[in-house]
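K.L.:
Questions regarding the structure given below will be posed in turn.
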Amino acid sequence: MPIHNTEIAETLDRVAELLEIEGANPFRVRAYRNASRIIGSLPQSVETLLEKGEKLAELPGIGADLAGKIQEIALTGKLALLAEIERRTSPDLIGLLRLPGLGPKRVKFLRDKLGVMSLKDLAAAVAEGRLRHLRGFGAKLTENLGNALREHAPSANRMRLTAAEEIADSLVTYLKAAPGVRQVVVAGSFRRRKETVGDLDLLATARSSAEIMDRFVAFDEVRKIVAHGTTRSAVTLRSGLQVDLRVIPKASFGSALHYFTGSKAHNIAIRTLGMKRGLKINEYGVFRASRRVGGQTEADVYRAVGLPMIEPELRENRGEIEAAQQGKLPVLVARTDIRGDLHVHTTDTDGAATLEEMAEAALARGYEYLAVTDHSQRVAMARGLDARRLAAQIKRIDRLNARLRGGITVLKGCEVDILEDGSLDLPDDVLRDLDLTVCSIHYRLNLPRAQQTDRVLRAMDHPSFRIWGHPTGRLIDTRAPCDLDLEKLLRAARERGRFVELNAQPERLDLNDVHCRLARDLGVKVSIGSDAHRARELDFVRHGIDQARRGWLAANDVLNTRSLAQLRKLLRAA
């Protein structure tokens, strides 16, 4: 049974979190976290690497000990070390770390003082008021924890899109190998590219529905067969994800794809438009009375109600139908529109590739420019740059640009911390020598709304501020966003000529889709940055593109679709 990279990464993360709760050496904890990140971003599966005889210990950041543990997980699906830690530290404690304001020290404190071992225990403690007298747990934190516990339940059974994608890709490849299968498409929220999905809806056309259904339920990751029919089957995978497969006649495929892709609200709106034209629209086709008049393609469905094709990412009933009626649908940004990346890290701080290696990787992707934005000194765990080291890096970038060939330019940048008082983390004289700054918050994410908003406002007033990095600081299903007045801050960014980042790291995707659209509506340009820490992570930009498309962004709304000359002009004007 194949073990996906995401599963290996999750196991390593679990070890890191439990070790941190135990108070283990921070460098040991960090080694497991880094290993999780490395494995999660590999372009090939660990299983494939092992089959090729490649040595895992030669991967950057993976030593012999970690390589052995990764191989153990890949071959057995288990890790003896994790089982050992879980015997002495309940894995349910990990759920507590997903809540805002609860780091490992507070989780350990709650366990020792109140016997809190799970989300359920914490919910009871909050409800009974047992937290209010604990040192470090004020009324505001207790209120936030109660709210977070209520919000946590609906998303408990959802999976991050990138994790679901690995499963979906292997399942689609597996099903396409069946005799007589013509096409297999994943529909649902997965096709709309929502950042988390609750299940997978697969549609197929095949010569024999029975053959593909038999193959589907025999997939080696199936834990439970929920239904096994001739045209529809459903299974639960070992990951907990439910997957439905439907075999659709060719004449109905477009209608079915439309029906199983759109949100419920979008589909109802389309069916209502059809009814006004005397049409019945469902997953089987477009009908006038009993006669089928369309449905082989999705375009048939939209054409029947007088609309152009609406891209899957927009099908949420958030104004896309009205925009289509008025001829105002955006031409959504595409991967090919991106001319460069404005947020990457190197070995000068916490990256795993050198300046030269990142430049070569960007050149291989056809980029015109790459901004190196290593951390500033406040991020001590990442060995952030002080003024002296940043000045030295600037000189090295100048020398690198002098010898680079192929039409790429490395831009001098820095991910500069926004300090609690709104000042920037480096002196003005070195910041003035940069082409751009990505200004981010990494500490004190829990400040009250007014204070956090004012902090960013003061930073935006700094003459060297250019791009607001991962604005809300959220981690999907792990860390709640900062409490900020986003609309006020985006208006301030527009007034000051600043830009806002859509951080494409799959666990961030920060801004979310709603805020991307707000930025667009307010006229604030969005920079889609990979936040790459190794060369292959430059490809994370595709996740940012997905989110940008959900946020209605066209190429003109995105900062790094500009040529280098256009980009420099915009940066100088900011």
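Chain identifiers are assigned as A, B, and so on, following the order in which chains appear in the structure tokens; residues are numbered from 1 within each chain, and ligands are numbered from 1 in order of appearance.
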Could you produce a table of the residues of stretch 132-168 of chain A lying within 12 Å of stretch 39-42 of chain A, with the nearest pair of atoms per residue and their separation in Å rounded to one decimal, using only C-alpha atoms, ordered by chain and increasing residue number, as CSV?
P.N.:
residue,atom,partner,partner_atom,distance
A:Thr162,CA,A:Gly40,CA,9.5
A:Ala163,CA,A:Gly40,CA,9.0
A:Glu166,CA,A:Gly40,CA,10.3
K.L.:
May I have the residues within 9 Å of stretch 307-312 of chain A as number ranges by chain, using only C-alpha atoms and disregarding those fewer than 3 positions away in the same chain?
P.N.:
A: 191-193, 258, 261-262, 298-304, 315-316, 320-321, 324-325, 327, 329, 332, 549-550
K.L.:
When DSSP works through the backbone of this structure, what residues of stretch 28-189 of chain A end up as helix (DSSP H, G or I), shown as a ChimeraX atom specification?
P.N.:
/A:28-40,46-51,56-58,64-76,80-88,93-97,104-114,119-127,139-155,161-176,188-189
K.L.:
Using only C-alpha atoms, which residues sit within 9 Å of stretch 8-12 of chain A once same-chain residues fewer than 5 positions away are excluded, as JSON, numbers by chain?
P.N.:
{"A": [3, 17, 32, 33, 35, 36, 37, 38, 39, 40, 46, 69, 70, 73, 74, 77, 78, 79, 82]}
K.L.:
Emit the selected residues as a compact mmCIF listing (two decimals), in the first residue's frame, including N, CA and C atoms.
P.N.:
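Final output, saved to out38.txt:
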# COMPACT_ATOMS: atom_id res chain seq x y z
N ILE A 3 2.38 4.87 0.60
CA ILE A 3 2.25 5.90 1.63
C ILE A 3 2.59 7.23 0.98
N GLU A 17 5.41 18.09 17.20
CA GLU A 17 4.48 18.74 18.12
C GLU A 17 4.46 18.06 19.49
N TYR A 32 12.61 17.92 12.94
CA TYR A 32 11.45 17.17 12.46
C TYR A 32 10.51 18.06 11.66
N ARG A 33 10.35 19.31 12.08
CA ARG A 33 9.49 20.23 11.33
C ARG A 33 10.07 20.48 9.93
N ALA A 35 12.08 18.54 8.27
CA ALA A 35 11.96 17.30 7.49
C ALA A 35 10.55 17.15 6.94
N SER A 36 9.55 17.51 7.74
CA SER A 36 8.16 17.44 7.28
C SER A 36 7.95 18.36 6.08
N ARG A 37 8.50 19.54 6.18
CA ARG A 37 8.34 20.51 5.08
C ARG A 37 9.05 20.03 3.82
N ILE A 38 10.24 19.47 3.99
CA ILE A 38 11.01 18.98 2.84
C ILE A 38 10.26 17.85 2.13
N ILE A 39 9.77 16.88 2.91
CA ILE A 39 9.07 15.74 2.33
C ILE A 39 7.76 16.20 1.68
N GLY A 40 7.07 17.12 2.33
CA GLY A 40 5.79 17.59 1.80
C GLY A 40 5.92 18.34 0.49
N VAL A 46 8.31 9.59 -1.94
CA VAL A 46 9.42 8.92 -1.27
C VAL A 46 9.51 7.49 -1.76
N LYS A 69 14.12 7.17 9.58
CA LYS A 69 12.74 7.27 10.07
C LYS A 69 11.76 7.51 8.92
N ILE A 70 12.16 8.32 7.95
CA ILE A 70 11.30 8.55 6.79
C ILE A 70 11.10 7.26 6.01
N ILE A 73 8.61 5.03 7.80
CA ILE A 73 7.21 5.42 7.56
C ILE A 73 6.78 5.00 6.16
N ALA A 74 7.64 5.25 5.16
CA ALA A 74 7.29 4.94 3.77
C ALA A 74 7.06 3.45 3.55
N GLY A 77 4.22 2.52 6.97
CA GLY A 77 3.10 3.38 7.32
C GLY A 77 3.09 3.78 8.78
N LYS A 78 4.12 3.38 9.53
CA LYS A 78 4.18 3.66 10.96
C LYS A 78 5.58 4.15 11.33
N LEU A 79 5.68 4.69 12.55
CA LEU A 79 6.97 5.13 13.08
C LEU A 79 7.03 4.72 14.54
N LEU A 82 7.15 7.53 17.10
CA LEU A 82 5.88 8.21 17.37
C LEU A 82 5.04 7.38 18.33
K.L.:
Show me, as a ChimeraX atom specification, the residues that have an atom within 12 Å of A:Ile528 when counting only C-alpha atoms, minus same-chain residues fewer than 2 positions from it.
P.N.:
/A:333-335,337-344,438,467-470,499-505,509-511,516,525-526,530-532,538-549,553,555,557-562
K.L.:
I'd like to know which of A:Ala352, A:Thr346, A:Ala177, A:Leu97 is closest to A:Leu145, using only C-alpha atoms.
P.N.:
A:Leu97
K.L.:
Which residues, written as number ranges by chain, have at least one atom at most 12 Å from stretch 349-351 of chain A, with only C-alpha atoms counted and residues fewer than 2 positions away on the same chain left out?
P.N.:
A: 30, 34, 37-38, 60-61, 343-347, 353-355, 357-358, 372-386, 389-390, 393, 414-415, 531-537
K.L.:
Those residues you just picked out, can you put them in a file as a PDB file, in the first residue's frame with C-alpha atoms?
P.N.:
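Result file is result-v2.pdb:
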ATOM      1  CA  ARG A  30      12.928  22.002  14.431  1.00  0.00           C
ATOM      2  CA  ASN A  34      12.018  20.945   8.574  1.00  0.00           C
ATOM      3  CA  ARG A  37       8.339  20.509   5.081  1.00  0.00           C
ATOM      4  CA  ILE A  38      11.010  18.980   2.836  1.00  0.00           C
ATOM      5  CA  PRO A  60      19.013  18.877   1.890  1.00  0.00           C
ATOM      6  CA  GLY A  61      18.311  19.027   5.609  1.00  0.00           C
ATOM      7  CA  HIS A 343       9.258  36.308  -2.071  1.00  0.00           C
ATOM      8  CA  VAL A 344      11.932  33.601  -1.710  1.00  0.00           C
ATOM      9  CA  HIS A 345      14.521  32.589   0.889  1.00  0.00           C
ATOM     10  CA  THR A 346      18.060  31.238   0.630  1.00  0.00           C
ATOM     11  CA  THR A 347      20.695  29.564   2.792  1.00  0.00           C
ATOM     12  CA  ALA A 353      19.253  26.647  -1.630  1.00  0.00           C
ATOM     13  CA  THR A 354      21.886  29.275  -2.362  1.00  0.00           C
ATOM     14  CA  LEU A 355      21.368  32.569  -4.168  1.00  0.00           C
ATOM     15  CA  GLU A 357      20.609  27.889  -7.086  1.00  0.00           C
ATOM     16  CA  MET A 358      17.422  29.906  -6.607  1.00  0.00           C
ATOM     17  CA  VAL A 372      15.501  37.325  -2.717  1.00  0.00           C
ATOM     18  CA  THR A 373      13.751  38.237   0.534  1.00  0.00           C
ATOM     19  CA  ASP A 374      15.542  36.562   3.411  1.00  0.00           C
ATOM     20  CA  HIS A 375      14.330  37.206   6.954  1.00  0.00           C
ATOM     21  CA  SER A 376      15.411  40.204   8.998  1.00  0.00           C
ATOM     22  CA  GLN A 377      17.112  39.887  12.369  1.00  0.00           C
ATOM     23  CA  ARG A 378      13.944  39.667  14.529  1.00  0.00           C
ATOM     24  CA  VAL A 379      13.317  36.122  13.259  1.00  0.00           C
ATOM     25  CA  ALA A 380      16.196  34.697  15.252  1.00  0.00           C
ATOM     26  CA  MET A 381      15.166  31.041  14.736  1.00  0.00           C
ATOM     27  CA  ALA A 382      15.660  31.585  10.995  1.00  0.00           C
ATOM     28  CA  ARG A 383      19.059  33.275  11.530  1.00  0.00           C
ATOM     29  CA  GLY A 384      17.586  36.541  10.257  1.00  0.00           C
ATOM     30  CA  LEU A 385      19.894  39.090   8.657  1.00  0.00           C
ATOM     31  CA  ASP A 386      21.162  42.086  10.563  1.00  0.00           C
ATOM     32  CA  ARG A 389      24.822  40.677   6.740  1.00  0.00           C
ATOM     33  CA  LEU A 390      22.095  42.178   4.542  1.00  0.00           C
ATOM     34  CA  GLN A 393      24.125  39.979   0.595  1.00  0.00           C
ATOM     35  CA  CYS A 414      14.224  41.410   2.487  1.00  0.00           C
ATOM     36  CA  GLU A 415      11.298  40.016   4.460  1.00  0.00           C
ATOM     37  CA  ASP A 531       7.703  32.070  -0.069  1.00  0.00           C
ATOM     38  CA  ALA A 532       9.987  29.313  -1.386  1.00  0.00           C
ATOM     39  CA  HIS A 533      12.684  28.005   0.946  1.00  0.00           C
ATOM     40  CA  ARG A 534      14.107  25.595  -1.647  1.00  0.00           C
ATOM     41  CA  ALA A 535      14.196  25.585  -5.428  1.00  0.00           C
ATOM     42  CA  ARG A 536      11.289  23.232  -6.075  1.00  0.00           C
ATOM     43  CA  GLU A 537       9.024  25.337  -3.839  1.00  0.00           C
TER      44      GLU A 537
END
K.L.:
As a PyMOL selection string, please: the residues near A:Gly366 (cut-off 10 Å, only C-alpha atoms, same-chain neighbours under 2 positions excluded).
P.N.:
chain A and resi 336+338-340+360-364+368-369+406-408
K.L.:
Residues of the last selection are to be written out with N, CA, C and O atoms, as an mmCIF file, in the first residue's frame.
P.N.:
data_model
loop_
_atom_site.group_PDB
_atom_site.id
_atom_site.type_symbol
_atom_site.label_atom_id
_atom_site.label_comp_id
_atom_site.auth_asym_id
_atom_site.auth_seq_id
_atom_site.Cartn_x
_atom_site.Cartn_y
_atom_site.Cartn_z
ATOM 1 N N THR A 336 0.804 31.189 -16.720
ATOM 2 C CA THR A 336 1.656 31.742 -17.774
ATOM 3 C C THR A 336 1.780 33.259 -17.702
ATOM 4 O O THR A 336 2.645 33.841 -18.359
ATOM 5 N N ILE A 338 2.587 34.911 -14.986
ATOM 6 C CA ILE A 338 3.548 35.276 -13.941
ATOM 7 C C ILE A 338 4.937 35.456 -14.534
ATOM 8 O O ILE A 338 5.472 34.551 -15.183
ATOM 9 N N ARG A 339 5.534 36.630 -14.291
ATOM 10 C CA ARG A 339 6.842 36.956 -14.876
ATOM 11 C C ARG A 339 7.990 36.790 -13.881
ATOM 12 O O ARG A 339 9.167 36.860 -14.260
ATOM 13 N N GLY A 340 7.672 36.625 -12.598
ATOM 14 C CA GLY A 340 8.712 36.480 -11.598
ATOM 15 C C GLY A 340 8.123 36.240 -10.225
ATOM 16 O O GLY A 340 6.908 36.268 -10.044
ATOM 17 N N GLU A 360 18.989 30.113 -10.690
ATOM 18 C CA GLU A 360 18.958 29.132 -11.784
ATOM 19 C C GLU A 360 17.590 28.451 -11.872
ATOM 20 O O GLU A 360 17.081 28.208 -12.969
ATOM 21 N N ALA A 361 16.991 28.154 -10.725
ATOM 22 C CA ALA A 361 15.671 27.524 -10.724
ATOM 23 C C ALA A 361 14.612 28.468 -11.287
ATOM 24 O O ALA A 361 13.704 28.052 -12.020
ATOM 25 N N ALA A 362 14.719 29.752 -10.957
ATOM 26 C CA ALA A 362 13.782 30.742 -11.493
ATOM 27 C C ALA A 362 13.959 30.884 -12.993
ATOM 28 O O ALA A 362 12.976 30.988 -13.752
ATOM 29 N N LEU A 363 15.206 30.880 -13.443
ATOM 30 C CA LEU A 363 15.493 30.968 -14.878
ATOM 31 C C LEU A 363 14.913 29.771 -15.616
ATOM 32 O O LEU A 363 14.334 29.907 -16.700
ATOM 33 N N ALA A 364 15.023 28.580 -15.010
ATOM 34 C CA ALA A 364 14.480 27.365 -15.636
ATOM 35 C C ALA A 364 12.964 27.435 -15.778
ATOM 36 O O ALA A 364 12.391 26.768 -16.641
ATOM 37 N N GLU A 368 11.571 36.302 -15.454
ATOM 38 C CA GLU A 368 12.358 37.474 -15.836
ATOM 39 C C GLU A 368 13.075 38.075 -14.629
ATOM 40 O O GLU A 368 14.097 38.737 -14.775
ATOM 41 N N TYR A 369 12.533 37.815 -13.429
ATOM 42 C CA TYR A 369 13.137 38.352 -12.212
ATOM 43 C C TYR A 369 12.782 37.464 -11.027
ATOM 44 O O TYR A 369 11.827 36.683 -11.052
ATOM 45 N N GLY A 406 20.845 34.712 -19.597
ATOM 46 C CA GLY A 406 19.518 34.148 -19.834
ATOM 47 C C GLY A 406 18.380 35.102 -19.598
ATOM 48 O O GLY A 406 17.213 34.723 -19.709
ATOM 49 N N GLY A 407 18.701 36.360 -19.255
ATOM 50 C CA GLY A 407 17.639 37.364 -19.163
ATOM 51 C C GLY A 407 16.946 37.443 -17.830
ATOM 52 O O GLY A 407 15.848 38.006 -17.734
ATOM 53 N N ILE A 408 17.542 36.897 -16.767
ATOM 54 C CA ILE A 408 16.911 37.004 -15.443
ATOM 55 C C ILE A 408 17.705 37.971 -14.573
ATOM 56 O O ILE A 408 18.934 38.055 -14.671
#
K.L.:
For the atom pair atom CA of A:Arg88 and atom CA of A:Ala480, what is the interatomic distance in Å to one decimal place?
P.N.:
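If I compute the distance from atom CA of A:Arg88 to atom CA of A:Ala480, I get 28.6 Å.
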K.L.:
For a quick check of understanding, using only C-alpha atoms, which of A:Asp220, A:Arg277, A:Cys439, A:Leu202 has the smallest distance to A:Ser233?
P.N.:
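Closest to A:Ser233, using only C-alpha atoms: A:Leu202.
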K.L.:
Just list as a PyMOL selection string whatever in stretch 193-262 of chain A DSSP marks as strand (DSSP E).
P.N.:
chain A and resi 196-197+199-206+222-228+232-237+242-247
K.L.:
Rank A:Ala24, A:Ala256, A:Ala67, A:Leu203 by their smallest atom-to-atom distance to A:Arg232, using only C-alpha atoms, and report the top residue only.
P.N.:
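Residue with the minimum atom-to-atom distance to A:Arg232: A:Leu203.
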K.L.:
Identify which of the residues A:Arg520, A:Arg291, A:Lys113, A:Arg508 lies closest to A:Arg494, counting only C-alpha atoms when measuring atom-to-atom distances.
P.N.:
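The shortest atom-to-atom distance to A:Arg494 comes from A:Arg520.
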K.L.:
Considering only C-alpha atoms, can you say which of A:Ser255, A:Ile248, A:Arg271, A:Val15 comes closest to A:Val293?
P.N.:
A:Ser255
